[in-house]
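**Student:** Here it is, the structure in full.
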Amino acid sequence: MDVSYYGYLAQTIPPREIARALLVRARRALLRGKPFFFDWPAKKRAPAQMDPVPAVLRPPAAVDGNAILREAEAALRGQLLLFGQWKSCGTPIEYHRDPFVPGLEYDDSVAGERVDLFQRGADAKVMWEVGRLPQLWRFAQAFQLTGDSSWAHAWAETLRHFRDTNPAGLGVQWACPMEVSLRAMTVALTHGLVRDAVDAPFLTDFLEEHCAWVAGHLEETGAIRTNHYAADLVGLIVVGALFPELRRWFDVFAPRLWEEIPRQCRADGTHFESSTGYHRLCAELFLVAALAARAGGRPAPDRVERAVRGLFRSLAATLKPSGEMPQIGDLDSCRALPLAPRLALDASFAVDANAPEWAWMPSAQRFIAEPRRDSATLPDAGVAILRSGDAWMCLTAGPNGQGGTGGHAHNDKGSVELSFGSFDVLVDRGTYVYAREPRERNERRGTAAHNTVQVDGLEQNRIVPGRLFALPDTARARITAMDPRDGFELAAGEHRGYERSGVVHRRVAALRGDCAAFADELRGRGEHLFQSRWHVPHEDVVQRPATPEEQERLAELRGSGLTFGYDLERCVEVAGQALFAFGATLPWDLSLLSSDVSPGYAEKKAARCIRIEAKGGAPARLFTAVLFLRKR
């Protein structure tokens with residue numbers, strides 16, 4: 001037992017939340033997964049005649065369906081697009097065999113609660129992606145695009161096959177309530193597109209058993225209720241809102257979700273997981289819940305719809321010129337509304353009223369946000385976004401997720417991402433995978449995987465052995481300033497993650513349309529090793545001296561007070577598009593290291609890491625400049 005970790009939780013989590021968690025755990029143990037009788041909505045006989053609830057999805061007036069049809073046709077052959085990669089999943093689909101690891105299978109006779117999710121080499125995340133039945137989206141869309149009823153029948157056959165091969169409560173597809181809930185949500189939403197063409201007499205029972213299982217296994221047993229608990233409730237609400245005969249699930253659990261959504265959304269509109277990937281996922285989940293409730297004639301409270309708009313507004317504030325979002329915290333490439341094929345980081349639909357998603361879901365357009373053209377700060381998340389012409393930068397210096405317990409947060413305090421138009425200069429190294437490779441999981445959420453300064457090889461926040469989603473927040477990071485100055489957009493952030501070594505790190509980040517500059521102040525005492533890392537998503541990286549014209553540009557930065565001078569002989573050119581220059585108050589060494597970045601879950605791309613090492617006494621300062629060489 002890690003005593004210090006539990007001591008941290010005891011000091012961080014409100015006593016009321018701890019008491020709630022203990023009560024729920026005791027109740028769960030007593031009733032073995034069955035809710036109390038007053039939580040369990042009694043099944044009522046459905047009226048003989050019921051008017052169907054208006055569907056949330058609508059056939060689009062016009063949309064390019066080529067990519068959708070390709071995915072639908074591939075799914076018929078057992079090929080699914082998983083995390084941006086085509087994988088053979090069997091014909092028919094095998095829901096217990098990992099398509100990323102040949103030969104690895106889960107025992108389908110084991111109760112979901114007892115499935116080993118951390119067995120060596122396994123990644124249940126992959127199996128759950130298959131179990132969400134992503135092909136239902138494409139089959140339903142293909143039917144609407146072509147009018148061919150065989151696509152609607154493929155939709156129904158997918159459900160029948162899943163139910164026959166995955167009995168309720170058994171196997172990996174019943175090991176996580178969130179995944180069971182999202183599967184039910186997908187079925188309920190896509191059914192609206194095929195319901196006039198299929199007769200699926202088992203559908204109500206299929207959804208009923210999913211709702212009952214989720215209700216009996218709600219993920220509220222942790223000290224902090226997370227996106228999992230909210231997702232559990234979303235599935236129940238969507239099913240209950242769209243199927244009158246199952247309305248009792250909505251009646252019982254909607255009040256819980258309407259309470260939970262504002263609780264998980266901060267005042268600045270960001271989600272409390274401190275992860276842009278999960279921010280997008282929850283924005284889509286909460287949007288679906290609000291739209292389904294309105295379609296069912298029981299709209300969510302105003303405070304809930306305001307929170308959903310806030311999620312889209314704050315997401316819009318972070319987007320790069322390319323429409324991609326920065327990677328802050330974990331990215332597992334999950335989508336609640338995969339209505340259009342997109343790359344893992346593409347969130348441009350959040351600000352594009354003409355995006356194909358909204359052609360299928362026009363009632364959602366009132367929730368999307370306006371594109372941001374100016375710099376912005378998200379104070380609760382500790383994120384500053386700088387914009388200047390085609391240049392974009394993100395500086396993160398905020399709290400860890402889930403109330404400071406960690407969750408999907410990383411040791412990224414003081415880290416930055418930088419782009420010039422569509423050219424990415426600096427990126428986060430990314431998540432890659434979770435349980436399959438625990439060592440790499442910890443490395444990628446560690447300090448060295450981010451564009452920040454590391455002191456004496458320490459982690460900004462302690463990584464707890466054996467806990468892949470725990471990251472106690474002791475760094476106390478925050479954005480300290482943000483204002484334009486001398487033609488630059490400027491932001492500053494600091495954290496105290498190295499205070500135990502006697503050092504406080506403060507970073508000033510400046511952006512102009514043709515360049516960026518960083519000044520790192522290491523305030524403190526004693527002798528230390530300072531390592532500054534810059535992860536560039538390119539392999540064409542070479543060391544060279546600055547040209548005379550580049551020297552003149554760098555001299556301008558010295559005049560603005562962002563540096564006392566750069567070493568003009570030891571610069572680094574990146575892909576012919578950017579030039580890095582460095583300086584420091586201590587002697588320093590430059591290394592170009594082979595590395596990789598993960599632009600999506602289970603994806604890797606070769607990259608380089610530029611590392612600056614300086615040894616000596618604190619206080620010390622490090623300086624970095626990036627010149628944009630030409631527009632792409």
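Residue names in the structure tokens use chain letters A, B, ... in the order shown, residue numbers from 1 in each chain, and ligand numbers from 1 in the order shown.
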Can you list every residue of stretch 530-609 of chain A that has an atom at most 10 Å from stretch 72-83 of chain A, with its nearest atom pair and the distance in Å to one decimal, using only C-alpha atoms, ordered by chain then number, as a tab-separated table?
**Tutor:**
residue	atom	partner	partner_atom	distance
A:Gly600	CA	A:Phe83	CA	6.7
A:Tyr601	CA	A:Phe83	CA	5.8
A:Ala602	CA	A:Phe83	CA	6.6
A:Glu603	CA	A:Phe83	CA	7.4
**Student:** Stretch 385-388 of chain A: which residues within 12 Å, counting only C-alpha atoms, same-chain residues fewer than 3 positions away excluded, as an MDAnalysis selection string?
**Tutor:** chainID A and resid 314:321 325:326 372:379 381:382 391:397 416:421 479 482:484 487:492 509:516
**Student:** Which residue gives the smallest distance to A:Gly192 among A:Arg58, A:Ala212, A:Lys87, A:Leu218, with only C-alpha atoms counted?
**Tutor:**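 Between A:Arg58, A:Ala212, A:Lys87, A:Leu218, the residue approaching A:Gly192 most closely is A:Arg58.
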**Student:** Quick one: DSSP strand (DSSP E) residues in stretch 59-154 of chain A, as a VMD selection string?
**Tutor:** chain A and resid 79 to 82 85 to 88
**Student:** Can you spit out the residues from that selection as a CSV table (one decimal), in the first residue's frame, using C-alpha atoms?
**Tutor:**
chain,number,residue,atom,x,y,z
A,79,GLN,CA,-12.5,-4.5,-41.5
A,80,LEU,CA,-12.9,-1.8,-38.9
A,81,LEU,CA,-11.1,1.6,-38.7
A,82,LEU,CA,-9.8,1.5,-35.1
A,85,GLN,CA,-5.8,2.0,-38.5
A,86,TRP,CA,-7.7,-0.6,-40.6
A,87,LYS,CA,-7.8,-3.8,-38.6
A,88,SER,CA,-9.2,-7.3,-39.5
**Student:** Would you list, as a ChimeraX atom specification, the residues of stretch 279-503 of chain A that end up in helix (DSSP H, G or I) under DSSP run on this structure's backbone?
**Tutor:** /A:279-295,302-318,348-351,356-360,362-367,401-404,438-444,447-449,499-501
**Student:** Compile the contact shell of A:Glu209 as a list of chain:residue names: residues with an atom at most 10 Å away, counting only C-alpha atoms, same-chain residues fewer than 2 positions apart removed.
**Tutor:**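 Here the answer would be A:Pro167, A:Ala168, A:Gly169, A:Val180, A:Ala184, A:Thr204, A:Asp205, A:Phe206, A:Leu207, A:Cys211, A:Ala212, A:Trp213, A:Val214, A:Ala215.
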**Student:** Find the residues around A:Leu586 up to 12 Å (only C-alpha atoms counted), leave out those fewer than 5 positions away in its own chain, and share them as a list in words.
**Tutor:**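 Final neighbour list, sorted by chain and number: Leu522, Glu527, His528, Leu529, Phe530, Gln531, Ile612, Glu613, Ala614, Lys615, Gly616, Gly617, Ala618, Pro619, Ala620, Arg621, Leu622 and Phe623 of chain A.
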**Student:** For stretch 132-135 of chain A, work out the shell of residues within 8 Å, counting only C-alpha atoms and skipping chain neighbours fewer than 3 positions away, then give it as a compact mmCIF listing (two decimals) with C-alpha atoms, in the first residue's frame.
**Tutor:**
# COMPACT_ATOMS: atom_id res chain seq x y z
CA GLU A 71 -16.12 2.28 -44.12
CA ALA A 72 -19.53 0.58 -44.31
CA ALA A 75 -17.15 -3.41 -42.10
CA LEU A 80 -12.91 -1.78 -38.89
CA TRP A 128 -14.08 -1.80 -26.02
CA GLU A 129 -13.63 0.22 -29.18
CA ARG A 138 -21.79 3.64 -41.01
CA PHE A 139 -24.51 1.07 -41.75
CA TRP A 155 -27.40 -2.87 -38.79
CA THR A 158 -24.85 -6.62 -36.08
CA GLU A 179 -18.57 1.00 -22.48
CA VAL A 180 -21.89 -0.81 -22.00
CA LEU A 182 -21.93 3.98 -24.85
CA ARG A 183 -22.92 0.88 -26.80
CA THR A 186 -24.94 4.19 -30.17
**Student:** Please determine, counting only C-alpha atoms, which residue among A:Arg114, A:His271, A:Arg507, A:Arg303 has the shortest atom-to-atom distance to A:Thr226.
**Tutor:** A:His271
**Student:** Identify, on the basis of only C-alpha atoms, every residue whose closest approach to A:His505 does not exceed 12 Å; exclude the query and any residue fewer than 2 positions from it along the same chain; express the result as a ChimeraX atom specification.
**Tutor:** /A:397,413-415,452-455,460,475-478,492-499,501-503,507-508,519-524,530,532,618-622
